[in-house]
Amino acid sequence: MKRLFLIAVPWFAFVLTGVALAADATLEIPTGTMTLEAPEDAEYKATLSPVNFPHSLHFSYSCQACHHNWDGNGPIKSCGTSGCHENFWAPKPGQADVSETSIKSMTGAFHQVCRDCHRNEADQQKAAGSKRIVTGPVACAGCHPDPHSDVENSDKTLSVPLGILTIEAPEGVEATRNPVGFPHGLHFQYACKDCHHDWDGESEIEACTSCHSETEPSGTRNIKDEANQMYYLAAFHNACVTCHRDTDKKQREAMAQGKIKKADLPKTAPVNCNGCHSSS
C-alpha cells in the first residue's frame with residue numbers, strides 16, 4: 001500500500017498567497033489513484049484482484065476518518081504496520097492468538113471502512129429521497145474487477161503544512177487587529193473541503209482571498225449578509241468562528257446530558273476576538 005510520508009520541503013510548495021507560513025515540516029499527500037494490494041508476505045493468497053483507490057476523491061472526508069490513530073503531526077503509517085491491521089486475513093477458527101484478538105485483519109478493516117461507508121452513504125441518500133444515488137461500489141466486482149485492472153500508483157503529491165499558518169489581511173488593507181495564528185495540523189479531523197470547498201482534490205490549494213477577494217463589504221458589515229459572501233472577513237469568520245461555536249455548543253450539550261465529562265473534552269477553540277487575534 002502506498003503511504004503518506006513526512007518530509008521537510010520549502011513552504012512555497014503550498015500556494016497560499018496572503019498567508020505567511022512558518023518554517024516547519026509538511027505532509028506529502030498522494031493525489032490521484034493508488035492500488036491497494038495484499039502484502040507480499042501475507043499468510044493467505046488474495047483471491048480477488050487489487051483495488052484501485054481514488055484517494056483524491058475522498059478529500060471530502062476527514063483524514064482521521066480512515067487514518068484513525070494518526071495524531072495529525074507525524075507520518076501516516078501503513079495500515080499493515082505491526083500492532084495495527086497486520087494480519088491480512090482473520091485467523092481460522094481455533095488458530096487465533098488471544099493477544100491479538102483486538103486487532104482487526106486488514107481485509108476486515110478495509111471492508112468496514114470502505115464498503116460500509118459506501119453503504120451508509122447510499123442509505124442516507126435514499127432516506128433523503130434522492131433519485132440518483134452517488135457513492136462508491138458496494139459489490140465485490142465494483143472494487144475487485146475481473147479481469148484485473150492495471151496497478152496504478154500516481155506519483156503526484158500535494159504538500160500540506162502541519163504547523164501554524166499566520167493568516168493576515170490582504171495586501172493594501174490596514175488591519176485593525178493582529179494576524180491569526182492558525183494551527184493547521186489540529187484540523188485534520190475535519191475534511192479538507194470543509195474549508196477548501198472549491199478544491200478539486202488535486203490542484204495546488206490557493207488562498208481564500210483568491211476567491212473571497214472583496215476587501216470591503218458589499219452590503220452591511222454583517223458577515224451573515226449574503227451580499228458579503230465574497231468579502232474576505234465574512235469568509236474567514238463564517239468558516240472558523242461558526243464552526244468553533246457549533247463545536248462548543250455540541251460539547252456543552254453532551255456534558256449536560258452526561259454523555260461526557262469536562263475532563264475528557266479537548267480544549268475548545270476560541271469564539272471571541274481576542275482568542276484568535278491575540279496580542280502576543
# chains A, B, ... in the order shown; residues from 1 in each chain; ligands from 1
$ select_by_dssp --residues "range 72-229 of chain A" --states "helix (DSSP H, G or I)" --output "count of residues only"
43
$ closest_residue --among "A:His118, A:Gln125, A:Val151, A:Pro161" --to "Ala139 in chain A" --atoms "only C-alpha atoms"
A:His118
$ residues_around --residues "range 213-219 of chain A" --least-positions-apart "4" --cutoff "7 Å" --atoms "only C-alpha atoms" --output "PyMOL selection string"
chain A and resi 209+225+227-228+230-232
$ atom_distance --atom1 "CA of Cys84 in chain A" --atom2 "CA of Gly108 in chain A"
11.9 Å
$ residues_around --residues "Thr107 in chain A" --least-positions-apart "3" --cutoff "9 Å" --atoms "only C-alpha atoms" --output "list in words"
Ala38, His85, Asn87, Phe88, Trp89, Ala90, Lys104, Phe110, His111 and Gln112 of chain A
$ atom_distance --atom1 "CA of His184 in chain A" --atom2 "CA of Ser82 in chain A"
28.6 Å
$ atom_distance --atom1 "CA of Gly32 in chain A" --atom2 "CA of Phe59 in chain A"
11.1 Å
$ closest_residue --among "A:Arg245, A:His67, A:Lys45, A:Lys131" --to "Asn272 in chain A" --atoms "only C-alpha atoms"
A:Arg245
$ select_by_dssp --residues "range 54-158 of chain A" --states "strand (DSSP E or B)" --output "PyMOL selection string"
chain A and resi 54+62+157-158
$ write_last_selection --atoms "N, CA and C atoms" --output "short mmCIF file (atom, residue, chain, number, x, y, z; two decimals), in the first residue's frame"
data_model
loop_
_atom_site.label_atom_id
_atom_site.label_comp_id
_atom_site.auth_asym_id
_atom_site.auth_seq_id
_atom_site.Cartn_x
_atom_site.Cartn_y
_atom_site.Cartn_z
N PRO A 54 -9.21 5.72 -5.62
CA PRO A 54 -9.04 7.13 -6.00
C PRO A 54 -8.93 8.02 -4.75
N SER A 62 -12.74 13.53 6.44
CA SER A 62 -11.57 13.89 7.23
C SER A 62 -10.49 12.83 7.08
N THR A 157 1.85 14.34 -5.73
CA THR A 157 1.57 14.58 -4.32
C THR A 157 1.27 16.06 -4.10
N LEU A 158 0.69 16.35 -2.96
CA LEU A 158 0.40 17.72 -2.57
C LEU A 158 1.04 17.96 -1.20
#
$ residues_around --residues "Asn52 in chain A" --least-positions-apart "5" --cutoff "8 Å" --atoms "only C-alpha atoms" --output "short mmCIF file (atom, residue, chain, number, x, y, z; two decimals) with C-alpha atoms, in the first residue's frame"
data_model
loop_
_atom_site.label_atom_id
_atom_site.label_comp_id
_atom_site.auth_asym_id
_atom_site.auth_seq_id
_atom_site.Cartn_x
_atom_site.Cartn_y
_atom_site.Cartn_z
CA THR A 33 -5.19 6.82 -7.77
CA MET A 34 -3.27 4.27 -5.70
CA THR A 35 -3.58 0.50 -5.84
CA LEU A 36 -4.24 -1.38 -2.62
CA CYS A 143 -13.74 -2.81 -6.24
CA SER A 149 -7.10 -3.65 -13.61
CA VAL A 151 -1.73 -1.43 -11.00
CA GLU A 152 -1.86 2.35 -10.83
#
$ residues_around --residues "Cys195 in chain A" --least-positions-apart "6" --cutoff "9 Å" --atoms "only C-alpha atoms" --output "ChimeraX atom specification"
/A:208,239-240
$ residues_around --residues "His277 in chain A" --least-positions-apart "5" --cutoff "10 Å" --atoms "only C-alpha atoms" --output "PyMOL selection string"
chain A and resi 176-181+270+272
$ closest_residue --among "A:Leu265, A:Ile29, A:Cys79, A:Ala42" --to "Ser203 in chain A" --atoms "only C-alpha atoms"
A:Ile29
$ closest_residue --among "A:Val160, A:Val138, A:Leu165, A:Val113" --to "Thr31 in chain A" --atoms "only C-alpha atoms"
A:Val160
